[in-house]
Amino acid sequence: MEKVLTRNIEPGKAPTDMTAYEANGGYQGLHKALTSMSSLECREVVSASNLRGRGGAGFPTGMKWSFVPMDDKCTPGHKYLVCNADEMEPGAFKDRLLMEYDPHQLIEGMILSAYCIGADLSYIFIRGEYVVAIDRLRQALKECYAKGYLGDNILGSGFKLDMYVHPSAGRYICGEETALINALEGKRANPRAKPPFPQVSGLWGRPTIVNNVETLCNIPHIIDRGADWFKSLGVGEDAGTKMFGVSGRVKTPGCWELPMGTPIREILENHAGGMQDGLQLKGFLPGGGSTDFLTHEHLDLAMDYNVIGKAGSRMGTGTMIILDDQTCPVGMVLNLIRFFAHESCGFCTPCRDGLPWTRQVLEDIEQGRGKTEDLDTLEYQINYIGAIGNTHCALAPGAMEPLQSALKYFRDDFERHISGGCCPYHSGKGA
Amino acid sequence: MSNAKMIQSDISSVLTLQEMAAIDHELEHVPYKSGAAIDALKIVQAERGWVSDESLQAIAKYLDMSAEELEGVATFYNLIYRRPVGEKVILFCDSVSCWISGCDSIKATISETLGVDYGETTEDNRYTLLPVPCLGACDRAPVMMVGDDLVTHLDTHKISEIFASSKSGDQS
């Protein structure tokens, strides 16, 4: 397979600077766009490519951009492009790799995306713990200003763009795009009510696009080589390649760029090396901590947005978390719910109160104090705070996904905890 | 003395010239002062390690915000410290992939070695132990950060190596 996003990334190889990036075809897309394509033509290529957002929701990128008011339809003032580099989904570790080892790819993608939507200011909103990526991105930005790829009149096109790295002060909810915008404005990162959508009224009330790191990293290649080429990369329904990851007790956990639509079994067995000796696969979260469990029967499914959706889960970030047969599923779900309860922004009651309640019930079950009716309480929470529309944002519904599917596939494990009055796994990893 | 002058003198008795200059730089990028609230908190914390009540009130005045509003911002974020921390903060990942890889027993070893639980600082003031949301290094789990350094593939041996000189009791 042709490497696209990771063409400059190899184990043991130094991160790319400007010279190395350009030597391998870097900034060709930028030169092509700014010297021979209008912003409309660039947007049309991205729309035709069928690129879908790699942050988790899978929303078509071209369509997201199409809501930004352009030219004389936009009132005078700034427009913003924001890169969501706040990678905090439990089990997700793909954007770190892209930023640490090829920072210019992201920056080129951002310059092109800003050109597409007519943005003049852009921010890389990155979690504060990613200190290496922050340093390398700042260094790369300096190189870009020195080279004339950022600032006024880029490549003589009249297009002007400034870009800043903005390290976050930390909170999972900042990954929600309107919460992220509030954080950029110096406020508490509570999500905003929608509409208005950020494309129309985002940062400081101005049109704003928020895209994930991996999404933006695809843009230079799409502009440079075209929509048809990009679509041909996928082996299933979806276009392009994807950073897929596997963590948990497999032989070789890691992150690999593979064609969209690669079967789950291939990722697990060929790339992650299968389960560690003595362990069996019990289930897996296909795309991070807020996606539903899938299990053996789903191993031959393609990692495509709609295929995984039809199976009852979400492809999310594409970074899988593996549950083995000697790890307690109740303990695993408790760990996840504890995370989401801690990271709830506290703005709406169902999430702020419902998640700690759910955590408490799961703690009781895991520690052997559970009662049969606790399972009804869990079902109640799943139906109540798990329903989109009952909460202010998607955090609590996302939190319910691993729980509801654990109850579906591993219900006997919950019942054994309750009937036996203890965790049957005795792994020492319980709460 | 005018009210404005009095406020100014209050602020300058707390914030240093360098801190105010750094905050002024951030103010150039925002349409109104409170927009730089998080940046200002981080600037002061970078100098002093944490944000005291006194610092918080001075920053609030400097940004024309109420102290209550700024406190709401400061306490929202994981990486703004409203209590003193040690020379290095240990950000310990207890999220799902690290948990599957046995982080609970690693955490127990750290607590035993350093004599601290989450939210506590060692007696020698070298380390503060805090939990952190998934650090995004799940293929190298269990992981933690010690100051700015990411430490991966944690096991009890590695923990004793890292904290060898900070064992509880060694300092007496």
# chains A, B, ... in the order shown; residues from 1 in each chain; ligands from 1
$ residues_around --residues "Ala67 of chain B" --least-positions-apart "6" --cutoff "8 Å" --atoms "only C-alpha atoms" --output "MDAnalysis selection string"
chainID B and resid 56:57 60:61
$ write_last_selection --atoms "N, CA and C atoms" --output "mmCIF file, in the first residue's frame"
data_model
loop_
_atom_site.group_PDB
_atom_site.id
_atom_site.type_symbol
_atom_site.label_atom_id
_atom_site.label_comp_id
_atom_site.auth_asym_id
_atom_site.auth_seq_id
_atom_site.Cartn_x
_atom_site.Cartn_y
_atom_site.Cartn_z
ATOM 1 N N LEU B 56 -4.534 35.075 41.791
ATOM 2 C CA LEU B 56 -5.802 35.013 41.056
ATOM 3 C C LEU B 56 -6.521 36.358 41.105
ATOM 4 N N GLN B 57 -6.541 36.977 42.283
ATOM 5 C CA GLN B 57 -7.219 38.271 42.405
ATOM 6 C C GLN B 57 -6.511 39.339 41.575
ATOM 7 N N ALA B 60 -7.295 38.748 37.920
ATOM 8 C CA ALA B 60 -8.680 39.149 37.642
ATOM 9 C C ALA B 60 -8.777 40.661 37.479
ATOM 10 N N LYS B 61 -8.143 41.382 38.376
ATOM 11 C CA LYS B 61 -8.173 42.844 38.266
ATOM 12 C C LYS B 61 -7.501 43.301 36.982
#
$ closest_atom_pairs --of "chain A" --to "chain B" --cutoff "7 Å" --atoms "only C-alpha atoms" --output "JSON lines"
{"residue": "A:Glu87", "atom": "CA", "partner": "B:Gly136", "partner_atom": "CA", "distance": 6.8}
{"residue": "A:Met88", "atom": "CA", "partner": "B:Cys134", "partner_atom": "CA", "distance": 5.7}
{"residue": "A:Glu89", "atom": "CA", "partner": "B:Cys134", "partner_atom": "CA", "distance": 6.8}
{"residue": "A:Pro90", "atom": "CA", "partner": "B:Cys134", "partner_atom": "CA", "distance": 5.1}
{"residue": "A:Gly91", "atom": "CA", "partner": "B:Cys138", "partner_atom": "CA", "distance": 5.8}
{"residue": "A:Ala92", "atom": "CA", "partner": "B:Gly136", "partner_atom": "CA", "distance": 5.6}
{"residue": "A:Phe93", "atom": "CA", "partner": "B:Gly136", "partner_atom": "CA", "distance": 4.2}
{"residue": "A:Arg96", "atom": "CA", "partner": "B:Gly136", "partner_atom": "CA", "distance": 6.9}
{"residue": "A:Val131", "atom": "CA", "partner": "B:Asp148", "partner_atom": "CA", "distance": 6.6}
{"residue": "A:Ala169", "atom": "CA", "partner": "B:Leu79", "partner_atom": "CA", "distance": 5.0}
{"residue": "A:Gly170", "atom": "CA", "partner": "B:Asn78", "partner_atom": "CA", "distance": 5.0}
{"residue": "A:Arg171", "atom": "CA", "partner": "B:Tyr77", "partner_atom": "CA", "distance": 5.9}
{"residue": "A:Glu185", "atom": "CA", "partner": "B:Gly35", "partner_atom": "CA", "distance": 4.8}
{"residue": "A:Gly186", "atom": "CA", "partner": "B:Gly35", "partner_atom": "CA", "distance": 4.5}
{"residue": "A:Lys187", "atom": "CA", "partner": "B:Val73", "partner_atom": "CA", "distance": 6.0}
{"residue": "A:Arg188", "atom": "CA", "partner": "B:Val73", "partner_atom": "CA", "distance": 5.1}
{"residue": "A:Val246", "atom": "CA", "partner": "B:Asp139", "partner_atom": "CA", "distance": 7.0}
{"residue": "A:Ser247", "atom": "CA", "partner": "B:Asp139", "partner_atom": "CA", "distance": 5.2}
{"residue": "A:Gly248", "atom": "CA", "partner": "B:Ser97", "partner_atom": "CA", "distance": 5.6}
{"residue": "A:Arg249", "atom": "CA", "partner": "B:Ser101", "partner_atom": "CA", "distance": 6.8}
{"residue": "A:Pro253", "atom": "CA", "partner": "B:Asp139", "partner_atom": "CA", "distance": 4.8}
{"residue": "A:Gly254", "atom": "CA", "partner": "B:Asp139", "partner_atom": "CA", "distance": 4.9}
{"residue": "A:Ile321", "atom": "CA", "partner": "B:Ser97", "partner_atom": "CA", "distance": 6.7}
{"residue": "A:Thr327", "atom": "CA", "partner": "B:Ile100", "partner_atom": "CA", "distance": 6.9}
{"residue": "A:Met332", "atom": "CA", "partner": "B:Val96", "partner_atom": "CA", "distance": 6.7}
{"residue": "A:Asn335", "atom": "CA", "partner": "B:Val96", "partner_atom": "CA", "distance": 6.1}
{"residue": "A:Leu336", "atom": "CA", "partner": "B:Val96", "partner_atom": "CA", "distance": 6.3}
{"residue": "A:Phe339", "atom": "CA", "partner": "B:Ser95", "partner_atom": "CA", "distance": 6.9}
{"residue": "A:Lys429", "atom": "CA", "partner": "B:Asp104", "partner_atom": "CA", "distance": 6.2}
$ write_last_selection --atoms "C-alpha atoms" --output "JSON list (two decimals), in the first residue's frame"
[["chain", "number", "residue", "atom", "x", "y", "z"],
["A", 87, "GLU", "CA", -6.40, 14.16, 21.57],
["A", 88, "MET", "CA", -7.89, 12.84, 24.82],
["A", 89, "GLU", "CA", -10.30, 10.10, 23.83],
["A", 90, "PRO", "CA", -9.36, 7.10, 25.98],
["A", 91, "GLY", "CA", -7.37, 4.75, 23.78],
["A", 92, "ALA", "CA", -6.63, 7.28, 21.00],
["A", 93, "PHE", "CA", -2.99, 7.91, 20.10],
["A", 96, "ARG", "CA", 0.36, 12.60, 18.59],
["A", 131, "VAL", "CA", 5.09, 19.05, 24.95],
["A", 169, "ALA", "CA", -5.00, 23.85, 30.01],
["A", 170, "GLY", "CA", -6.60, 20.40, 29.87],
["A", 171, "ARG", "CA", -10.09, 18.84, 29.96],
["A", 185, "GLU", "CA", -11.91, 32.49, 24.22],
["A", 186, "GLY", "CA", -10.51, 32.04, 27.73],
["A", 187, "LYS", "CA", -13.75, 30.71, 29.20],
["A", 188, "ARG", "CA", -14.83, 27.49, 30.89],
["A", 246, "VAL", "CA", -4.61, -1.15, 18.66],
["A", 247, "SER", "CA", -3.98, -1.07, 22.41],
["A", 248, "GLY", "CA", -4.61, -3.59, 25.14],
["A", 249, "ARG", "CA", -2.97, -6.94, 25.72],
["A", 253, "PRO", "CA", 0.26, -2.69, 20.09],
["A", 254, "GLY", "CA", 0.74, 0.24, 17.74],
["A", 321, "ILE", "CA", -9.05, -1.03, 22.60],
["A", 327, "THR", "CA", -9.71, -8.66, 32.13],
["A", 332, "MET", "CA", -13.22, -1.91, 32.15],
["A", 335, "ASN", "CA", -12.84, 2.68, 34.34],
["A", 336, "LEU", "CA", -14.43, 4.36, 31.32],
["A", 339, "PHE", "CA", -13.29, 8.89, 33.26],
["A", 429, "LYS", "CA", -7.17, -4.64, 38.66]]
$ select_by_dssp --residues "segment 8-166 of chain B" --states "alpha helix (DSSP H)" --output "PyMOL selection string"
chain B and resi 8-14+17-27+37-48+53-62+67-74+96-100+103-114+156-162
$ write_last_selection --atoms "C-alpha atoms" --output "PDB file, in the first residue's frame"
ATOM      1  CA  GLN B   8      -3.040  49.364  39.628  1.00  0.00           C
ATOM      2  CA  SER B   9      -0.797  49.459  42.671  1.00  0.00           C
ATOM      3  CA  ASP B  10      -2.508  46.350  44.091  1.00  0.00           C
ATOM      4  CA  ILE B  11      -1.810  44.465  40.923  1.00  0.00           C
ATOM      5  CA  SER B  12       1.791  45.531  40.556  1.00  0.00           C
ATOM      6  CA  SER B  13       2.554  44.511  44.104  1.00  0.00           C
ATOM      7  CA  VAL B  14       1.600  40.970  43.128  1.00  0.00           C
ATOM      8  CA  LEU B  17       6.731  43.268  35.249  1.00  0.00           C
ATOM      9  CA  GLN B  18       7.644  40.204  33.197  1.00  0.00           C
ATOM     10  CA  GLU B  19       4.323  38.554  33.955  1.00  0.00           C
ATOM     11  CA  MET B  20       2.413  41.681  33.023  1.00  0.00           C
ATOM     12  CA  ALA B  21       4.422  42.030  29.810  1.00  0.00           C
ATOM     13  CA  ALA B  22       3.668  38.408  28.882  1.00  0.00           C
ATOM     14  CA  ILE B  23      -0.039  38.932  29.588  1.00  0.00           C
ATOM     15  CA  ASP B  24       0.011  42.152  27.527  1.00  0.00           C
ATOM     16  CA  HIS B  25       1.433  40.166  24.631  1.00  0.00           C
ATOM     17  CA  GLU B  26      -1.508  37.738  24.839  1.00  0.00           C
ATOM     18  CA  LEU B  27      -3.959  40.641  25.021  1.00  0.00           C
ATOM     19  CA  ALA B  37      -7.793  34.528  31.101  1.00  0.00           C
ATOM     20  CA  ILE B  38      -6.384  31.042  30.610  1.00  0.00           C
ATOM     21  CA  ASP B  39      -3.157  32.359  29.089  1.00  0.00           C
ATOM     22  CA  ALA B  40      -2.692  34.753  32.014  1.00  0.00           C
ATOM     23  CA  LEU B  41      -3.225  31.944  34.537  1.00  0.00           C
ATOM     24  CA  LYS B  42      -0.664  29.824  32.714  1.00  0.00           C
ATOM     25  CA  ILE B  43       1.847  32.670  32.560  1.00  0.00           C
ATOM     26  CA  VAL B  44       1.664  33.219  36.303  1.00  0.00           C
ATOM     27  CA  GLN B  45       1.721  29.492  37.008  1.00  0.00           C
ATOM     28  CA  ALA B  46       4.813  29.073  34.820  1.00  0.00           C
ATOM     29  CA  GLU B  47       6.623  31.576  37.052  1.00  0.00           C
ATOM     30  CA  ARG B  48       5.328  30.429  40.420  1.00  0.00           C
ATOM     31  CA  ASP B  53      -5.592  33.388  45.807  1.00  0.00           C
ATOM     32  CA  GLU B  54      -3.515  36.530  45.751  1.00  0.00           C
ATOM     33  CA  SER B  55      -2.305  35.870  42.182  1.00  0.00           C
ATOM     34  CA  LEU B  56      -5.802  35.013  41.056  1.00  0.00           C
ATOM     35  CA  GLN B  57      -7.219  38.271  42.405  1.00  0.00           C
ATOM     36  CA  ALA B  58      -4.440  40.294  40.807  1.00  0.00           C
ATOM     37  CA  ILE B  59      -4.922  38.589  37.420  1.00  0.00           C
ATOM     38  CA  ALA B  60      -8.680  39.149  37.642  1.00  0.00           C
ATOM     39  CA  LYS B  61      -8.173  42.844  38.266  1.00  0.00           C
ATOM     40  CA  TYR B  62      -5.630  43.079  35.476  1.00  0.00           C
ATOM     41  CA  ALA B  67     -12.238  37.051  40.881  1.00  0.00           C
ATOM     42  CA  GLU B  68     -15.216  34.670  41.005  1.00  0.00           C
ATOM     43  CA  GLU B  69     -15.421  34.449  37.230  1.00  0.00           C
ATOM     44  CA  LEU B  70     -11.691  33.815  36.928  1.00  0.00           C
ATOM     45  CA  GLU B  71     -11.888  31.209  39.699  1.00  0.00           C
ATOM     46  CA  GLY B  72     -14.560  29.434  37.643  1.00  0.00           C
ATOM     47  CA  VAL B  73     -12.118  29.291  34.757  1.00  0.00           C
ATOM     48  CA  ALA B  74      -9.088  28.350  36.877  1.00  0.00           C
ATOM     49  CA  VAL B  96      -8.619   2.417  29.935  1.00  0.00           C
ATOM     50  CA  SER B  97      -5.597   1.087  27.983  1.00  0.00           C
ATOM     51  CA  CYS B  98      -3.254   1.759  30.894  1.00  0.00           C
ATOM     52  CA  TRP B  99      -5.777   0.146  33.244  1.00  0.00           C
ATOM     53  CA  ILE B 100      -5.903  -3.004  31.110  1.00  0.00           C
ATOM     54  CA  CYS B 103      -1.667   0.691  35.927  1.00  0.00           C
ATOM     55  CA  ASP B 104      -3.456   0.229  39.273  1.00  0.00           C
ATOM     56  CA  SER B 105      -0.564  -1.781  40.690  1.00  0.00           C
ATOM     57  CA  ILE B 106       1.947   0.727  39.244  1.00  0.00           C
ATOM     58  CA  LYS B 107       0.054   3.538  40.936  1.00  0.00           C
ATOM     59  CA  ALA B 108       0.108   1.607  44.212  1.00  0.00           C
ATOM     60  CA  THR B 109       3.887   1.241  43.876  1.00  0.00           C
ATOM     61  CA  ILE B 110       4.329   4.965  43.263  1.00  0.00           C
ATOM     62  CA  SER B 111       2.174   5.793  46.264  1.00  0.00           C
ATOM     63  CA  GLU B 112       4.147   3.382  48.407  1.00  0.00           C
ATOM     64  CA  THR B 113       7.522   4.611  47.138  1.00  0.00           C
ATOM     65  CA  LEU B 114       6.768   8.307  47.489  1.00  0.00           C
ATOM     66  CA  THR B 156       7.645  -1.634  39.273  1.00  0.00           C
ATOM     67  CA  HIS B 157      11.361  -1.835  38.447  1.00  0.00           C
ATOM     68  CA  LYS B 158      11.180   1.364  36.400  1.00  0.00           C
ATOM     69  CA  ILE B 159       9.273   3.109  39.164  1.00  0.00           C
ATOM     70  CA  SER B 160      11.919   2.321  41.760  1.00  0.00           C
ATOM     71  CA  GLU B 161      14.652   3.492  39.365  1.00  0.00           C
ATOM     72  CA  ILE B 162      12.960   6.820  38.654  1.00  0.00           C
TER      73      ILE B 162
END
$ select_by_dssp --residues "segment 140-253 of chain A" --states "strand (DSSP E)" --output "ChimeraX atom specification"
/A:162-167,208-212,241-247
$ closest_residue --among "B:Leu129, B:Glu120, B:Phe92, B:His29" --to "Leu154 of chain B" --atoms "only C-alpha atoms"
B:Phe92
$ atom_distance --atom1 "atom CA of Thr372 of chain A" --atom2 "atom CA of Lys282 of chain A"
23.6 Å
$ residues_around --residues "segment 297-308 of chain A" --least-positions-apart "5" --cutoff "6 Å" --atoms "only C-alpha atoms" --output "PDB file with N, CA and C atoms, in the first residue's frame"
ATOM      1  N   ASP A 238     -15.336   3.774   2.029  1.00  0.00           N
ATOM      2  CA  ASP A 238     -14.806   5.096   2.331  1.00  0.00           C
ATOM      3  C   ASP A 238     -13.498   5.367   1.601  1.00  0.00           C
ATOM      4  N   GLY A 261     -11.356   0.856   5.208  1.00  0.00           N
ATOM      5  CA  GLY A 261     -12.042  -0.375   4.862  1.00  0.00           C
ATOM      6  C   GLY A 261     -11.224  -1.628   5.112  1.00  0.00           C
ATOM      7  N   THR A 262     -10.044  -1.486   5.722  1.00  0.00           N
ATOM      8  CA  THR A 262      -9.252  -2.670   6.095  1.00  0.00           C
ATOM      9  C   THR A 262     -10.057  -3.500   7.098  1.00  0.00           C
ATOM     10  N   PRO A 263     -10.133  -4.814   6.899  1.00  0.00           N
ATOM     11  CA  PRO A 263     -10.902  -5.636   7.842  1.00  0.00           C
ATOM     12  C   PRO A 263     -10.286  -5.610   9.249  1.00  0.00           C
ATOM     13  N   ILE A 264     -11.145  -5.648  10.249  1.00  0.00           N
ATOM     14  CA  ILE A 264     -10.698  -5.599  11.640  1.00  0.00           C
ATOM     15  C   ILE A 264      -9.707  -6.721  11.938  1.00  0.00           C
ATOM     16  N   ARG A 265     -10.041  -7.920  11.417  1.00  0.00           N
ATOM     17  CA  ARG A 265      -9.181  -9.079  11.706  1.00  0.00           C
ATOM     18  C   ARG A 265      -7.742  -8.843  11.224  1.00  0.00           C
ATOM     19  N   SER A 313     -21.903   0.071  16.361  1.00  0.00           N
ATOM     20  CA  SER A 313     -20.876   0.844  17.051  1.00  0.00           C
ATOM     21  C   SER A 313     -20.500   2.027  16.169  1.00  0.00           C
ATOM     22  N   ARG A 314     -19.346   2.597  16.423  1.00  0.00           N
ATOM     23  CA  ARG A 314     -18.854   3.717  15.622  1.00  0.00           C
ATOM     24  C   ARG A 314     -17.371   3.504  15.354  1.00  0.00           C
ATOM     25  N   MET A 315     -16.915   3.974  14.182  1.00  0.00           N
ATOM     26  CA  MET A 315     -15.481   3.842  13.928  1.00  0.00           C
ATOM     27  C   MET A 315     -14.683   4.853  14.742  1.00  0.00           C
TER      28      MET A 315
END
$ residues_around --residues "Trp65 of chain A" --least-positions-apart "3" --cutoff "8 Å" --atoms "only C-alpha atoms" --output "NGL selection string"
:A and (43 or 61-62 or 68 or 117 or 199 or 209)
$ write_last_selection --atoms "N, CA and C atoms" --output "PDB file, in the first residue's frame"
ATOM      1  N   ARG A  43     -11.987  23.714  -2.796  1.00  0.00           N
ATOM      2  CA  ARG A  43     -13.102  23.155  -2.005  1.00  0.00           C
ATOM      3  C   ARG A  43     -13.799  22.041  -2.779  1.00  0.00           C
ATOM      4  N   THR A  61     -15.955  16.357   5.234  1.00  0.00           N
ATOM      5  CA  THR A  61     -15.217  17.606   5.433  1.00  0.00           C
ATOM      6  C   THR A  61     -15.664  18.695   4.459  1.00  0.00           C
ATOM      7  N   GLY A  62     -15.837  18.318   3.197  1.00  0.00           N
ATOM      8  CA  GLY A  62     -16.263  19.305   2.197  1.00  0.00           C
ATOM      9  C   GLY A  62     -17.612  19.913   2.556  1.00  0.00           C
ATOM     10  N   VAL A  68     -19.610  27.596   5.542  1.00  0.00           N
ATOM     11  CA  VAL A  68     -18.914  28.854   5.847  1.00  0.00           C
ATOM     12  C   VAL A  68     -19.303  29.907   4.811  1.00  0.00           C
ATOM     13  N   ILE A 117     -11.462  28.064   2.895  1.00  0.00           N
ATOM     14  CA  ILE A 117     -12.602  28.716   3.554  1.00  0.00           C
ATOM     15  C   ILE A 117     -12.388  30.217   3.708  1.00  0.00           C
ATOM     16  N   GLN A 199     -19.510  27.189  11.979  1.00  0.00           N
ATOM     17  CA  GLN A 199     -19.203  27.611  10.610  1.00  0.00           C
ATOM     18  C   GLN A 199     -19.723  29.020  10.343  1.00  0.00           C
ATOM     19  N   ILE A 209     -14.009  27.093  11.369  1.00  0.00           N
ATOM     20  CA  ILE A 209     -14.004  25.655  11.098  1.00  0.00           C
ATOM     21  C   ILE A 209     -13.049  24.990  12.086  1.00  0.00           C
TER      22      ILE A 209
END
$ atom_distance --atom1 "atom CA of Val85 of chain B" --atom2 "atom CA of Met144 of chain B"
16.8 Å
$ atom_distance --atom1 "atom CA of Phe197 of chain A" --atom2 "atom CA of Phe67 of chain A"
8.9 Å
$ residues_around --residues "Leu180 of chain A" --least-positions-apart "5" --cutoff "12 Å" --atoms "only C-alpha atoms" --output "ChimeraX atom specification"
/A:82-87,123-127,166-175,185-192,198,202-203,208-212
$ residues_around --residues "Gly25 of chain A" --least-positions-apart "4" --cutoff "12 Å" --atoms "only C-alpha atoms" --output "ChimeraX atom specification"
/A:4,7-8,18-21,29-32,104-105,108,220-221,224-225
